[in-house]
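These notes concern the structure reproduced below.
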Amino acid sequence: MAFSRKSLGIPYAVFLVVFVAAPLLFLFYYAFTDGQGQFTMQNLLHFFTDPNTLGTLYYSFSIAIVTTVVCLLLAYPVAYILATSRLRQRSVILMLFVMPMWINFSLRITALKEILNVLEGNLAMYPFLNAVIGMTYDFLPFMILPLYTTISRLDGALREAAMDLGANDVQTFLRVTLPLSVPGIISGVSMVFLPAMTNYVVLDMLYNSTYIMGSLIGSYFAAYNWHGGSMISLILLAMICLFTLLSGSVEEEGSARGALL
Amino acid sequence: MARKLIRPLFLFLILMFLYLPILLLAFYSFTSSTHIGAIRGFSMQNYVTLFTTPELTGMIAGTITLALGAALLATLLGTMGAIGAFYSRQRASSFITTLNQVPVINADVVTGFSICILLVVVLHISKDSYIPLVAGHVTLCAPFVFLSVMPRIKQMDSSIYEAALDLGATPFTALMEVVIPQIVPGIISGFALAITLSLDDYFIAMYTKPATFDTISTYVVNATKGAQTTIKTALWALSTVIFLIVVLVVLASNLRAMRLEAADTGRRAAAENR
Amino acid sequence: MEKKDTIIELRGVSKVFEDNGFKAVDNFNLEVKRGEFVTFLGPSGCGKTTTLRMIAGFDKPTEGDILLNGESIVGLPPYRRPINTVFQRYALFPHMNVFDNIAFGLRQKKTAKDVIVRKVKHVLELVDLEGFEERGIGTLSGGQQQRIAIARALVNEPEILLLDEPLGALDLKMRKEMQLELKSMHDKLGITFIYVTHDQEEALTMSDKIVVMSEGRTQQIGTPEDIYNEPVNAFVADFIGESNIFNGMMTGHLKARFCGGEFSCVDDYEEGTHITAVVRPEDVEITKPGEGTITGVVDSVIFKGIHYEITVLSGRNEIVIQTVRNATVGDRVGLRVDPENIHIMLAEDHTNKFYADINPDFRLEYNGHRIETSLTKIIRGSKRREDGTVVDAAGEVLEPGRVRILVSIQPQDIEMTDDQDAGLVQGTISNLIYKGDHYSYIIHTELEQDFVVDDEDLWNMDDRVGLLMPVDKMTFTLKRK
């Protein structure tokens, strides 16, 4: 038989090997070699000994953690209110919260910048605050969507059962709804935390010149230092893997980002 | 009373946070102001600049061409991959599914940089050939097409393919006339997702694009660093146009979904009455 | 001449699935005559659907050959075989209307448009759905979808129509109706039908020939009458209709011992042969106590409309009887069976089987003796709860009175002992025969059950012995009452 359904997968399998697996292998190779192609641990050691890069790591974490917490604090009530409301048009309202995702992020950050300019006068005065506002502005919909999906799937009868058993609103929320929405929280956090460590353009556009992890790659790229850039990429990759393993949400993130449409 | 109001109020405030910048920018795009706060007269100048400056129109056309091309390629590859993976043996199938997951969870910076390493640094493929850029965008998009097609294949009654063969269709005809129509909704949403991912991308384009080529993202990021006012305010117009397009698309798809749903309930009711 | 009559032949066909090594079909041989209605009958997993799929071309046999009109079709893909299938869940194309579904096969053959229209119209009339051409598949009821599926296959005028449990998804009334309709369609069209079902009644009503299958093997091939009246083994007897099935042994010329008594029969086997005796419930006669071959006590009486279903306990043997005469629970009765109505077949194995009870402590018990094994090991997925009760995989508490455990043990695994009380059960040697390298004994127990025991040593007739049965040699099956 000349044609079989299985063979349809071959082009994509080859594509994945060439454009996903192979680049990562070379990333690995470049991360552990120097300009002469000699094996070296220097790139790795440099990252963990240089106060500048360690400072960058610390700053990235700070921004990512604060952004994630702010997003969670804003998104959870939105998702909860929407998911538990009896409004018939709640999917339309949800759409309003999701729609900004489809507008080019650089244009949205431009808009935000104009507003902040008016409010703050000089953007450079509040670099950390602006970074967090910018990231929150950019990533909030990504936090709302998985939370909404999870909470709206919770059986309403569970909440009623809890109240029936004597729990008040707060207790019901803390002991039933919140624990059951953990998968949504994990999924949302993973969609905000990692981009917040790497999306250095948001900082750039808001005149925050401090480096985060992503900026390091950008600067090595600009300096044609493939080895240094590869090492940073590899470290980021390791953190992503670790995070994914910890949250066990490989599937979930795919479906969450896939659910955008 | 206060408690009743607090929920809508909260939603309203968050919506304001999300939309106020865009709406304000939209408002000022119709004036001759150069920054927010100073209202001058009504003017369409920004729109004229947007659609007549070759640099801007070229950049927009480039972005759209790239998005359409990459999304088409990604849809083709991702759909074939999903069908192939579904019907392959366990090992081949999980190999594809696992590798497919990598660009999904990876940071775009790392994906872009790694593709640049392979194609530009190792293989010496010139960025001016557009090959790295297209390959990068397809890599970004195809996994999401795969993910949106796969559930459709899983839901499909596997015996309808066999039924087509049984009725004399060759495997290829059976695939085209029976399997593909079943998964079309997944393919379409995968394609749409691919378009939006490509349009929104900055990092992959940044690391793989030719120096003379710009997407909206790379252009805007560059433009904010410079201080050319006419370009800056023309971008406000661009932002407004994109916002309106998104609103229209969302409205259209919502209406279509509602109409489909109504038709579906009607048909089901008819079937039940029989 | 004979050859020409055969439309399809399966020769030594076997199928082993590559991914798990499971042998779904084992050495399947069958000849189907042109125009026959053949049914593959068997429980799920018996290989009937796999065999059908090999005929259709979806699966390739690992061994053997399939001949259509005398020529091998093993190498032909499904779309080149003049065979069409009606699928289990219809497999109608949901994105096409009725007309396009039915026309699909004709279009593949590049049939002219006007011919297609005519043929579709004709076949819709055949299935009683005139004028349904433009209807969407989603708007049809299950029964209508079923008919469209049949029409879609028939319109191609296949040489053989394969039907894979086509009525399984319909409700009982619909099913009965469709059975008759399929049968009359078959008579009218003269196409060969190969039908797969697990419903014995469906098979008996519709078929010219039934192939009873179990665990990948053909058990019996024959007309419905043959299969019902002369089952070749215990499996067929049990699967087709209700049967009383007993293990026993030939004890003389036209004499067989089973169910605690010696019966006359018409099947002749050598004395000492292990046999399985099958007696249909309607063939057991109730007599006064003492006048029958065996005696027992009426355990239950259920009125079934046209007859009573009476269960009689004779010792530990349970005999089901269908009769138009009533009986009273607790009555002592005699039972006799006409020699012609006893079907004796060679026993495939001599496995001893007996029912053990579950006592209120959820332990296994037989004849007042504990069987030292854990219930939770026997019943898959079951758990012992803290209060001592046992719940099954579904979480429901087992009621000791409603379930019992069928214990099987091989003759060579039972040991006889003079120390009667040491045995699980005691009995008298009622028959012995030398089998070349060992003796085969029948021990008639105090519970009126016969056990077959193989032993190398010679024991005497009428010796009283205890039977030792090691727990690790027993196999257990859960039976619900």
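Labels used: A, B, ... for chains in the order of the structure tokens, numbers from 1 for residues in each chain, and numbers from 1 for ligands as shown.
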
Val20 (chain A) surroundings by only C-alpha atoms, 8 Å radius, close-in-sequence under 6 positions cut, as a list in words: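 Non-adjacent residues within range: Leu99, Val102, Pro103, Thr111, Ile115 and Thr139 of chain B.
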
May I have the residues from that selection written out with C-alpha atoms, as a PDB file, in the first residue's frame?
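Heads up, here's the output in selection-v1.pdb:
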```pdb
ATOM      1  CA  LEU B  99       8.562  16.542  21.351  1.00  0.00           C
ATOM      2  CA  VAL B 102       8.604  21.133  24.161  1.00  0.00           C
ATOM      3  CA  PRO B 103       7.905  24.395  22.291  1.00  0.00           C
ATOM      4  CA  THR B 111      13.003  28.558  21.319  1.00  0.00           C
ATOM      5  CA  ILE B 115      16.696  27.861  16.352  1.00  0.00           C
ATOM      6  CA  THR B 139       7.896  25.718  15.264  1.00  0.00           C
TER       7      THR B 139
END
```

Given a cut-off of 8 Å, which residues of chain C touch chain B, counting only C-alpha atoms, written out as an MDAnalysis selection string? chainID C and resid 56 58 78:81 83:85 87 91:95 104:105 108:109 138:141 153 156

Go through B:Gly136, B:Pro185, B:Pro54, B:Pro21 one by one, measure the shortest atom-to-atom distance of each to Arg108 (chain A) using only C-alpha atoms, and give the residue with the smallest value.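 Nearest to Arg108 (chain A): B:Pro21.
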
For CA of Ser152 (chain A) and CA of Val192 (chain A), determine how far apart the two atoms are, in Å to one decimal place. 20.7 Å

Identify, on the basis of only C-alpha atoms, every residue whose closest approach to Asp214 (chain B) does not exceed 8 Å; exclude the query and any residue fewer than 6 positions from it along the same chain; express the result as a list in words. Met59, Gly62 and Thr63 of chain B

Produce a file of the selected residues containing N, CA and C atoms, as a CSV table (one decimal), in the first residue's frame.
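This went into part14.csv:
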```csv
chain,number,residue,atom,x,y,z
B,59,MET,N,5.7,46.9,6.7
B,59,MET,CA,5.9,46.1,8.0
B,59,MET,C,4.6,45.3,8.2
B,62,GLY,N,4.2,42.5,5.7
B,62,GLY,CA,5.2,41.5,6.1
B,62,GLY,C,4.7,40.6,7.2
B,63,THR,N,4.1,41.3,8.2
B,63,THR,CA,3.6,40.6,9.4
B,63,THR,C,2.5,39.6,9.0
```

All residues 6 Å or closer to region 326-341 of chain C, only C-alpha atoms, same chain fewer than 5 positions away omitted, as number ranges by chain: C: 264-266, 284-300

Considering only strand (DSSP E) as DSSP defines it on the backbone, what residues of region 161-374 of chain C qualify? List them as a PyMOL selection string. chain C and resi 161-164+192-197+209-214+217-222+244-252+255-258+261-264+274-279+284-287+294-303+308-314+317-323+332-337+343-346+352-358+364-366+369-371

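You can rank A:Gly55, A:Gly228, A:Pro179, A:Pro195 by their closest distance to chain B using only C-alpha atoms, and at the top of that list sits A:Pro195.
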
Who sits within 9 Å of region 376-380 of chain C, only C-alpha atoms, same chain under 2 positions skipped, as a list of chain:residue names: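 Counting only C-alpha atoms, the residues come to C:Thr373, C:Ser374, C:Ser382, C:Lys383, C:Arg384, C:Val390, C:Val391, C:Asp392, C:Ala393, C:Ile405, C:Thr475, C:Phe476, C:Thr477, C:Leu478.
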
Long-range neighbours of Glu36 (chain C) as a list of chain:residue names, 10 Å cut-off, only C-alpha atoms, 2 positions minimum in chain: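 Residues meeting the cut-off are C:Thr6, C:Ile7, C:Val32, C:Lys33, C:Arg34, C:Val38, C:Thr39, C:Ile160, C:His186, C:Asp187, C:Gly190, C:Ile191, C:Thr192, C:Phe193, C:Ile194, C:Ser207, C:Asp208, C:Lys209.
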
Could you produce a table of the residues of region 39-134 of chain A lying within 12 Å of region 25-36 of chain B, with the nearest pair of atoms per residue and their separation in Å rounded to one decimal, using only C-alpha atoms, ordered by chain and increasing residue number, as CSV?
```
residue,atom,partner,partner_atom,distance
A:Leu107,CA,B:Leu25,CA,10.0
A:Arg108,CA,B:Leu25,CA,9.5
A:Ile109,CA,B:Leu25,CA,11.2
A:Thr110,CA,B:Leu25,CA,9.0
A:Ala111,CA,B:Leu25,CA,6.0
A:Leu112,CA,B:Leu25,CA,9.0
A:Lys113,CA,B:Ile36,CA,10.3
A:Glu114,CA,B:Ile36,CA,6.5
A:Ile115,CA,B:Ile36,CA,7.3
A:Leu116,CA,B:Ile36,CA,10.1
A:Asn117,CA,B:Ile36,CA,8.5
A:Val118,CA,B:Ile36,CA,7.0
A:Leu119,CA,B:Ile36,CA,10.4
A:Gly121,CA,B:Ile36,CA,11.7
```

Can I get the selection written as a PDB file, in the first residue's frame, with C-alpha atoms?
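Saved the output as selection-v8.pdb:
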```
ATOM      1  CA  LEU A 107       0.962  47.778  20.991  1.00  0.00           C
ATOM      2  CA  ARG A 108      -0.814  47.174  24.280  1.00  0.00           C
ATOM      3  CA  ILE A 109       2.352  47.932  26.247  1.00  0.00           C
ATOM      4  CA  THR A 110       2.718  51.096  24.169  1.00  0.00           C
ATOM      5  CA  ALA A 111      -0.757  52.137  25.254  1.00  0.00           C
ATOM      6  CA  LEU A 112       0.020  51.324  28.868  1.00  0.00           C
ATOM      7  CA  LYS A 113       3.216  53.323  28.643  1.00  0.00           C
ATOM      8  CA  GLU A 114       1.355  56.420  27.494  1.00  0.00           C
ATOM      9  CA  ILE A 115      -0.975  56.173  30.489  1.00  0.00           C
ATOM     10  CA  LEU A 116       1.847  55.564  32.960  1.00  0.00           C
ATOM     11  CA  ASN A 117       3.681  58.515  31.459  1.00  0.00           C
ATOM     12  CA  VAL A 118       0.782  60.756  32.344  1.00  0.00           C
ATOM     13  CA  LEU A 119       0.328  59.250  35.801  1.00  0.00           C
ATOM     14  CA  GLY A 121       5.597  61.779  34.857  1.00  0.00           C
TER      15      GLY A 121
END
```

Can you pull out every residue within 12 Å of Tyr219 (chain B), counting only C-alpha atoms, but drop anything in the same chain fewer than 6 positions away, and send it as a ChimeraX atom specification? /A:104,106-107,110 /B:55-60,62-63,201-202,205-206,209,211-213,225-226,231-232,235,238

Option closest in space to chain A, from C:Pro77, C:Gly395, C:Gly142, C:Gly45 [counting only C-alpha atoms]: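 Using only C-alpha atoms, chain A sits closest to C:Pro77.
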
Top pick for closest residue to Ala422 (chain C), considering C:Gly75, C:Gly388, C:Pro61, C:Gly466 and counting only C-alpha atoms: C:Gly466

CA of Thr215 (chain B) and CA of Ser233 (chain A) are how many Å apart?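 Straight-line distance from CA of Thr215 (chain B) to CA of Ser233 (chain A) works out to 23.5 Å.
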